[in-house]
Amino acid sequence: MGKLAGKRIVITGGTSGMGEAMVQAFPSQGAKVVFWGRNEVAGKRLEEETGAVFIKTEISDKAAVDKAMKQSAEILGGIDVFLNVAGIAPGSPAEDITEDDWEMVMGTNATALISQTYPYFLT
């Protein structure tokens, strides 16, 4: 087995970018992986390729995160490592970013991390 043998890992933002790379790498190192994302097509493809388990989740939605956290813990039998890699970056010059765009970015990249996931690790 690899360096992550037996580790139970949850990865947010697992259907693209850095999160996808982690989903592709960690199972081959012996980890049990559950990953979250918005893109169901990519999620199903990665499940087939890696053996990791995909949960379609909107990280900025507290109810969806609560459900995904519970499902993840049940699937894995607990959580050893939680990697919150979900993030968005609109491709616009700063002066063109609307208040709605700003709220969407902050809701996904910052608020979700603190308000939606952090409470699970206080116990």
# chains A, B, ... in the order shown; residues from 1 in each chain; ligands from 1
$ residues_around --residues "A:Ile59" --least-positions-apart "2" --cutoff "7 Å" --atoms "only C-alpha atoms" --output "list in words"
Thr57, Asp61, Val65, Thr108 and Ala112 of chain A
$ select_by_dssp --residues "stretch 8-97 of chain A" --states "strand (DSSP E)" --output "list of chain:residue names"
A:Arg8, A:Ile9, A:Val10, A:Ile11, A:Thr12, A:Lys32, A:Val33, A:Val34, A:Phe35, A:Trp36, A:Gly37, A:Val53, A:Phe54, A:Ile55, A:Lys56, A:Val81, A:Phe82, A:Leu83, A:Asn84
$ closest_residue --among "A:Gly51, A:Gly30, A:Gly87, A:Gly77" --to "A:Ser16" --atoms "only C-alpha atoms"
A:Gly87
$ atom_distance --atom1 "atom CA of A:Ala68" --atom2 "atom CA of A:Ala86"
13.9 Å
$ residues_around --residues "A:Leu83" --least-positions-apart "5" --cutoff "8 Å" --atoms "only C-alpha atoms" --output "NGL selection string"
:A and (9-12)
$ atom_distance --atom1 "atom CA of A:Phe54" --atom2 "atom CA of A:Ala73"
13.1 Å
$ select_by_dssp --residues "chain A" --states "alpha helix (DSSP H)" --output "MDAnalysis selection string"
chainID A and resid 17:25 40:50 62:76 99:106
$ atom_distance --atom1 "atom CA of A:Gly17" --atom2 "atom CA of A:Ala42"
11.4 Å
$ closest_residue --among "A:Gln71, A:Asn39, A:Gln24, A:Asn84" --to "A:Asn109" --atoms "only C-alpha atoms"
A:Asn84
$ residues_around --residues "A:Ile55" --least-positions-apart "3" --cutoff "8 Å" --atoms "only C-alpha atoms" --output "list in words"
Val34, Phe35, Trp36, Gly37, Gly43 and Ala68 of chain A
$ write_last_selection --atoms "N, CA, C and O atoms" --output "compact mmCIF listing (two decimals), in the first residue's frame"
# COMPACT_ATOMS: atom_id res chain seq x y z
N VAL A 34 -13.85 10.15 -0.66
CA VAL A 34 -15.14 10.67 -1.08
C VAL A 34 -14.87 12.08 -1.55
O VAL A 34 -14.15 12.83 -0.90
N PHE A 35 -15.41 12.43 -2.71
CA PHE A 35 -15.19 13.79 -3.21
C PHE A 35 -16.51 14.43 -3.60
O PHE A 35 -17.44 13.76 -4.02
N TRP A 36 -16.55 15.75 -3.43
CA TRP A 36 -17.74 16.54 -3.72
C TRP A 36 -17.47 17.43 -4.91
O TRP A 36 -16.34 17.83 -5.15
N GLY A 37 -18.53 17.76 -5.61
CA GLY A 37 -18.42 18.70 -6.72
C GLY A 37 -19.77 19.00 -7.32
O GLY A 37 -20.78 18.40 -6.96
N GLY A 43 -17.79 13.93 -12.17
CA GLY A 43 -17.81 13.12 -10.95
C GLY A 43 -17.96 11.64 -11.24
O GLY A 43 -17.24 10.80 -10.69
N ALA A 68 -23.95 16.13 2.77
CA ALA A 68 -22.72 15.53 2.22
C ALA A 68 -21.75 15.11 3.33
O ALA A 68 -21.09 14.08 3.22
